[in-house]
$ cat structure_17.pdb   # PDB, C-alpha atoms, pLDDT in the B column
ATOM      1  CA  MET A 512      46.340 137.933 -78.771  1.00 73.00           C
ATOM      2  CA  THR A 513      48.453 141.088 -78.559  1.00 92.00           C
ATOM      3  CA  ALA A 514      51.385 139.126 -77.123  1.00 94.00           C
ATOM      4  CA  ARG A 515      51.240 136.737 -80.066  1.00 96.00           C
ATOM      5  CA  TYR A 516      51.489 139.576 -82.564  1.00 97.00           C
ATOM      6  CA  LEU A 517      54.407 141.054 -80.641  1.00 97.00           C
ATOM      7  CA  LYS A 518      56.177 137.697 -80.591  1.00 98.00           C
ATOM      8  CA  ILE A 519      55.685 137.287 -84.330  1.00 98.00           C
ATOM      9  CA  ALA A 520      56.988 140.797 -85.056  1.00 98.00           C
ATOM     10  CA  LEU A 521      60.003 140.495 -82.761  1.00 98.00           C
ATOM     11  CA  VAL A 522      61.007 137.139 -84.222  1.00 98.00           C
ATOM     12  CA  PHE A 523      60.643 138.612 -87.705  1.00 98.00           C
ATOM     13  CA  PHE A 524      63.018 141.430 -86.807  1.00 98.00           C
ATOM     14  CA  VAL A 525      65.566 139.023 -85.334  1.00 98.00           C
ATOM     15  CA  GLY A 526      65.507 137.165 -88.643  1.00 98.00           C
ATOM     16  CA  PHE A 527      65.716 140.353 -90.666  1.00 98.00           C
ATOM     17  CA  MET A 528      68.626 141.641 -88.561  1.00 98.00           C
ATOM     18  CA  ALA A 529      70.585 138.394 -88.825  1.00 98.00           C
ATOM     19  CA  LEU A 530      70.177 138.184 -92.604  1.00 98.00           C
ATOM     20  CA  VAL A 531      71.107 141.830 -93.093  1.00 98.00           C
ATOM     21  CA  TYR A 532      74.299 141.345 -91.070  1.00 98.00           C
ATOM     22  CA  ALA A 533      75.141 138.221 -93.071  1.00 98.00           C
ATOM     23  CA  LEU A 534      74.564 140.040 -96.356  1.00 98.00           C
ATOM     24  CA  GLN A 535      76.577 143.060 -95.174  1.00 97.00           C
ATOM     25  CA  ASN A 536      79.474 140.722 -94.456  1.00 97.00           C
ATOM     26  CA  VAL A 537      79.195 139.203 -97.931  1.00 98.00           C
ATOM     27  CA  VAL A 538      78.879 142.563 -99.697  1.00 98.00           C
ATOM     28  CA  ASN A 539      81.883 143.875 -97.739  1.00 97.00           C
ATOM     29  CA  ILE A 540      83.846 140.633 -97.828  1.00 98.00           C
ATOM     30  CA  GLU A 541      87.328 142.209 -97.965  1.00 97.00           C
ATOM     31  CA  ALA A 542      86.586 144.354 -94.929  1.00 96.00           C
ATOM     32  CA  ALA A 543      85.026 141.394 -93.116  1.00 96.00           C
ATOM     33  CA  VAL A 544      88.116 139.269 -93.757  1.00 97.00           C
ATOM     34  CA  ALA A 545      90.337 142.112 -92.556  1.00 95.00           C
ATOM     35  CA  VAL A 546      88.359 142.583 -89.334  1.00 94.00           C
ATOM     36  CA  VAL A 547      88.201 138.869 -88.527  1.00 96.00           C
ATOM     37  CA  GLY A 548      91.886 138.560 -89.420  1.00 95.00           C
ATOM     38  CA  ALA A 549      92.805 141.458 -87.133  1.00 94.00           C
ATOM     39  CA  VAL A 550      90.832 139.953 -84.242  1.00 93.00           C
ATOM     40  CA  LEU A 551      92.166 136.424 -84.697  1.00 93.00           C
ATOM     41  CA  GLY A 552      95.665 137.775 -85.294  1.00 92.00           C
ATOM     42  CA  MET A 553      95.421 139.767 -82.044  1.00 90.00           C
ATOM     43  CA  GLU A 554      96.826 142.819 -83.793  1.00 87.00           C
ATOM     44  CA  ASN A 555      97.680 145.963 -81.800  1.00 85.00           C
ATOM     45  CA  HIS A 556      97.239 144.410 -78.384  1.00 81.00           C
ATOM     46  CA  GLU A 557      98.870 146.741 -75.901  1.00 79.00           C
ATOM     47  CA  TYR A 558      97.130 146.030 -72.598  1.00 80.00           C
ATOM     48  CA  TYR A 559      97.091 142.241 -72.499  1.00 78.00           C
ATOM     49  CA  ALA A 560      99.888 141.488 -74.933  1.00 72.00           C
ATOM     50  CA  SER A 561     100.010 137.826 -73.900  1.00 75.00           C
ATOM     51  CA  SER A 562      97.147 135.424 -74.401  1.00 79.00           C
ATOM     52  CA  LEU A 563      96.261 131.875 -73.454  1.00 81.00           C
ATOM     53  CA  GLY A 564      96.613 130.772 -77.043  1.00 81.00           C
ATOM     54  CA  PRO A 565      98.466 131.819 -80.158  1.00 89.00           C
ATOM     55  CA  ALA A 566      97.311 134.410 -82.632  1.00 89.00           C
ATOM     56  CA  ILE A 567      95.781 132.930 -85.775  1.00 93.00           C
ATOM     57  CA  LYS A 568      97.399 134.301 -88.902  1.00 94.00           C
ATOM     58  CA  SER A 569      96.451 131.579 -91.386  1.00 96.00           C
ATOM     59  CA  PRO A 570      94.286 133.030 -94.184  1.00 97.00           C
ATOM     60  CA  ALA A 571      92.463 129.696 -94.464  1.00 98.00           C
ATOM     61  CA  LEU A 572      91.521 129.755 -90.780  1.00 97.00           C
ATOM     62  CA  VAL A 573      90.449 133.404 -91.002  1.00 97.00           C
ATOM     63  CA  TRP A 574      88.206 132.533 -93.952  1.00 98.00           C
ATOM     64  CA  LEU A 575      86.853 129.518 -92.059  1.00 98.00           C
ATOM     65  CA  ALA A 576      86.022 131.701 -89.055  1.00 97.00           C
ATOM     66  CA  LEU A 577      84.297 134.286 -91.246  1.00 98.00           C
ATOM     67  CA  ALA A 578      82.371 131.591 -93.122  1.00 98.00           C
ATOM     68  CA  THR A 579      81.231 130.144 -89.784  1.00 98.00           C
ATOM     69  CA  ILE A 580      80.012 133.566 -88.644  1.00 98.00           C
ATOM     70  CA  VAL A 581      78.181 134.295 -91.902  1.00 98.00           C
ATOM     71  CA  LEU A 582      76.614 130.834 -92.150  1.00 98.00           C
ATOM     72  CA  ALA A 583      75.452 131.036 -88.532  1.00 98.00           C
ATOM     73  CA  GLU A 584      73.963 134.496 -89.177  1.00 98.00           C
ATOM     74  CA  ILE A 585      72.163 133.087 -92.222  1.00 98.00           C
ATOM     75  CA  ALA A 586      70.899 130.127 -90.180  1.00 98.00           C
ATOM     76  CA  ALA A 587      69.648 132.452 -87.433  1.00 98.00           C
ATOM     77  CA  GLY A 588      67.950 134.675 -89.987  1.00 98.00           C
ATOM     78  CA  VAL A 589      66.297 131.927 -91.996  1.00 98.00           C
ATOM     79  CA  LEU A 590      65.102 130.059 -88.899  1.00 98.00           C
ATOM     80  CA  ALA A 591      63.741 133.212 -87.268  1.00 98.00           C
ATOM     81  CA  LEU A 592      61.927 134.261 -90.442  1.00 98.00           C
ATOM     82  CA  LEU A 593      60.542 130.757 -90.863  1.00 98.00           C
ATOM     83  CA  GLY A 594      59.548 130.860 -87.196  1.00 98.00           C
ATOM     84  CA  SER A 595      57.723 134.160 -87.590  1.00 98.00           C
ATOM     85  CA  TRP A 596      55.867 132.752 -90.604  1.00 98.00           C
ATOM     86  CA  LYS A 597      54.880 129.586 -88.713  1.00 98.00           C
ATOM     87  CA  LEU A 598      53.709 131.653 -85.754  1.00 98.00           C
ATOM     88  CA  TRP A 599      51.743 133.931 -88.071  1.00 98.00           C
ATOM     89  CA  ARG A 600      49.981 130.928 -89.581  1.00 97.00           C
ATOM     90  CA  VAL A 601      48.811 129.687 -86.141  1.00 97.00           C
ATOM     91  CA  ARG A 602      48.153 133.070 -84.525  1.00 95.00           C
ATOM     92  CA  HIS A 603      44.442 132.235 -84.080  1.00 96.00           C
ATOM     93  CA  ALA A 604      45.020 128.608 -83.045  1.00 95.00           C
ATOM     94  CA  THR A 605      45.048 127.154 -79.567  1.00 95.00           C
ATOM     95  CA  GLY A 606      47.814 127.936 -77.112  1.00 94.00           C
ATOM     96  CA  ALA A 607      49.172 124.412 -77.530  1.00 95.00           C
ATOM     97  CA  ASP A 608      49.362 124.800 -81.317  1.00 96.00           C
ATOM     98  CA  PHE A 609      51.007 128.216 -81.037  1.00 96.00           C
ATOM     99  CA  ASN A 610      53.542 126.873 -78.531  1.00 96.00           C
ATOM    100  CA  ALA A 611      54.285 123.896 -80.786  1.00 97.00           C
ATOM    101  CA  ALA A 612      55.033 126.215 -83.717  1.00 97.00           C
ATOM    102  CA  LYS A 613      57.729 128.125 -81.821  1.00 98.00           C
ATOM    103  CA  THR A 614      60.631 125.756 -82.476  1.00 98.00           C
ATOM    104  CA  PRO A 615      62.180 127.494 -85.531  1.00 98.00           C
ATOM    105  CA  ALA A 616      61.701 130.911 -83.907  1.00 98.00           C
ATOM    106  CA  LEU A 617      63.442 129.755 -80.738  1.00 98.00           C
ATOM    107  CA  LEU A 618      66.238 128.143 -82.748  1.00 98.00           C
ATOM    108  CA  GLY A 619      66.759 131.302 -84.799  1.00 98.00           C
ATOM    109  CA  CYS A 620      66.942 133.486 -81.704  1.00 98.00           C
ATOM    110  CA  GLY A 621      69.156 130.939 -79.951  1.00 98.00           C
ATOM    111  CA  ILE A 622      71.599 130.777 -82.847  1.00 98.00           C
ATOM    112  CA  GLY A 623      71.679 134.576 -82.798  1.00 98.00           C
ATOM    113  CA  VAL A 624      72.729 134.456 -79.146  1.00 98.00           C
ATOM    114  CA  ILE A 625      75.386 131.871 -80.028  1.00 98.00           C
ATOM    115  CA  VAL A 626      76.742 134.076 -82.839  1.00 98.00           C
ATOM    116  CA  TRP A 627      76.851 137.401 -81.009  1.00 98.00           C
ATOM    117  CA  PHE A 628      77.477 136.240 -77.453  1.00 97.00           C
ATOM    118  CA  GLY A 629      79.262 132.950 -78.103  1.00 97.00           C
ATOM    119  CA  PHE A 630      81.409 133.810 -81.106  1.00 97.00           C
ATOM    120  CA  PHE A 631      81.979 137.502 -80.447  1.00 96.00           C
ATOM    121  CA  GLY A 632      81.661 137.728 -76.656  1.00 95.00           C
ATOM    122  CA  SER A 633      83.247 134.482 -75.553  1.00 94.00           C
ATOM    123  CA  VAL A 634      85.644 133.611 -78.343  1.00 94.00           C
ATOM    124  CA  GLY A 635      86.436 137.069 -79.746  1.00 93.00           C
ATOM    125  CA  ALA A 636      86.442 139.118 -76.559  1.00 91.00           C
ATOM    126  CA  ALA A 637      87.616 136.611 -73.970  1.00 91.00           C
ATOM    127  CA  TRP A 638      89.993 134.428 -75.983  1.00 92.00           C
ATOM    128  CA  PHE A 639      91.257 136.832 -78.637  1.00 92.00           C
ATOM    129  CA  GLN A 640      90.900 139.974 -76.469  1.00 91.00           C
ATOM    130  CA  MET A 641      89.202 141.955 -79.238  1.00 90.00           C
ATOM    131  CA  TRP A 642      88.147 144.644 -76.753  1.00 89.00           C
ATOM    132  CA  GLN A 643      91.738 145.990 -76.789  1.00 90.00           C
ATOM    133  CA  THR A 644      91.437 147.708 -80.169  1.00 89.00           C
ATOM    134  CA  GLU A 645      88.995 150.325 -81.354  1.00 89.00           C
ATOM    135  CA  LEU A 646      87.892 148.126 -84.250  1.00 86.00           C
ATOM    136  CA  GLY A 647      87.381 145.119 -81.984  1.00 88.00           C
ATOM    137  CA  ALA A 648      85.624 147.136 -79.292  1.00 90.00           C
ATOM    138  CA  MET A 649      83.160 148.577 -81.804  1.00 92.00           C
ATOM    139  CA  SER A 650      82.403 145.095 -83.134  1.00 92.00           C
ATOM    140  CA  LEU A 651      82.019 143.781 -79.604  1.00 93.00           C
ATOM    141  CA  ASN A 652      79.608 146.558 -78.610  1.00 94.00           C
ATOM    142  CA  GLY A 653      77.400 145.810 -81.607  1.00 95.00           C
ATOM    143  CA  ALA A 654      77.575 142.096 -80.922  1.00 96.00           C
ATOM    144  CA  PHE A 655      76.527 142.683 -77.311  1.00 96.00           C
ATOM    145  CA  GLN A 656      73.461 144.614 -78.449  1.00 97.00           C
ATOM    146  CA  ASN A 657      72.527 141.910 -80.950  1.00 98.00           C
ATOM    147  CA  ALA A 658      72.996 139.143 -78.378  1.00 98.00           C
ATOM    148  CA  VAL A 659      70.740 140.989 -75.930  1.00 98.00           C
ATOM    149  CA  TYR A 660      68.077 141.546 -78.595  1.00 98.00           C
ATOM    150  CA  CYS A 661      68.099 137.862 -79.502  1.00 98.00           C
ATOM    151  CA  ALA A 662      68.139 136.717 -75.870  1.00 98.00           C
ATOM    152  CA  LEU A 663      65.242 138.960 -74.854  1.00 98.00           C
ATOM    153  CA  VAL A 664      63.151 137.845 -77.823  1.00 98.00           C
ATOM    154  CA  LEU A 665      64.060 134.225 -77.082  1.00 98.00           C
ATOM    155  CA  ILE A 666      62.865 134.571 -73.478  1.00 98.00           C
ATOM    156  CA  PHE A 667      59.675 136.416 -74.455  1.00 98.00           C
ATOM    157  CA  VAL A 668      58.746 133.987 -77.245  1.00 98.00           C
ATOM    158  CA  ASN A 669      59.471 130.997 -75.019  1.00 97.00           C
ATOM    159  CA  MET A 670      56.834 132.168 -72.536  1.00 96.00           C
ATOM    160  CA  LYS A 671      53.878 129.813 -72.820  1.00 94.00           C
ATOM    161  CA  ASP A 672      50.757 130.968 -74.591  1.00 90.00           C
ATOM    162  CA  GLU A 673      47.492 129.825 -73.056  1.00 84.00           C
TER     163      GLU A 673
END
$ encode --input "structure_17.pdb" --output "structure tokens"
Amino acid sequence: MTARYLKIALVFFVGFMALVYALQNVVNIEAAVAVVGAVLGMENHEYYASSLGPAIKSPALVWLALATIVLAEIAAGVLALLGSWKLWRVRHATGADFNAAKTPALLGCGIGVIVWFGFFGSVGAAWFQMWQTELGAMSLNGAFQNAVYCALVLIFVNMKDE
């Protein structure tokens, strides 16, 4: 029973974290646009000045990228919170019922991994080389932590309950 309560709490905090990051991006929209624009525009790249693809300078594409990030953070947050609620409701049920209720929690955590590992780690760091600037490196470090949190919770929650 203790593991169930831990799973519920951890999924809740994944959802809370994702929604707070989404809301922070919305509240600080000008800064968010500037950061995403700097990363996509590959500004101040000194070490690896060349890249496999071109820098993206189009304001519309920068806004599209930011909207994708924010909407994915919202999706991760809502699904994880819904998942924690569903798990809470079946916390005293059979193992099969508890396992069956995990889908939104797993999706929320999985989308979190996609956002912070996929978008930031793979696209931002590998493709756009965001690690080359202080601003990009700070964002990447935070994204790494968030991806690890989500991945660890995903693995733990996915463990079968008997």
$ residues_around --input "structure_17.pdb" --residues "Gly629 in chain A" --least-positions-apart "3" --cutoff "12 Å" --atoms "only C-alpha atoms" --output "count of residues only"
22
$ residues_around --input "structure_17.pdb" --residues "range 548-550 of chain A" --least-positions-apart "6" --cutoff "12 Å" --atoms "only C-alpha atoms" --output "ChimeraX atom specification"
/A:540-542,556,565-577,630-631,634-651
$ resolve_selection --input "structure_17.pdb" --expression "the PyMOL selection byres ((chain A and resi 588) around 7)" --output "ChimeraX atom specification"
/A:525-527,529-530,584-587,589-592,619
$ resolve_selection --input "structure_17.pdb" --expression "the PyMOL selection byres ((chain A and resi 611-613) around 8)" --output "number ranges by chain"
A: 594, 597-598, 601, 607-610, 614-617, 668-669
$ closest_residue --input "structure_17.pdb" --among "A:Ala560, A:Val664, A:Val531, A:Val546" --to "Ala514 in chain A" --atoms "only C-alpha atoms"
A:Val664
$ atom_distance --input "structure_17.pdb" --atom1 "CA of Lys671 in chain A" --atom2 "CA of Met528 in chain A"
24.6 Å
$ closest_residue --input "structure_17.pdb" --among "A:Leu665, A:Val581, A:Thr605, A:Leu563" --to "Tyr532 in chain A" --atoms "all atoms listed in the file"
A:Val581
$ atom_distance --input "structure_17.pdb" --atom1 "CA of Phe524 in chain A" --atom2 "CA of Trp599 in chain A"
13.6 Å
$ atom_distance --input "structure_17.pdb" --atom1 "CA of Phe523 in chain A" --atom2 "CA of Trp596 in chain A"
8.1 Å
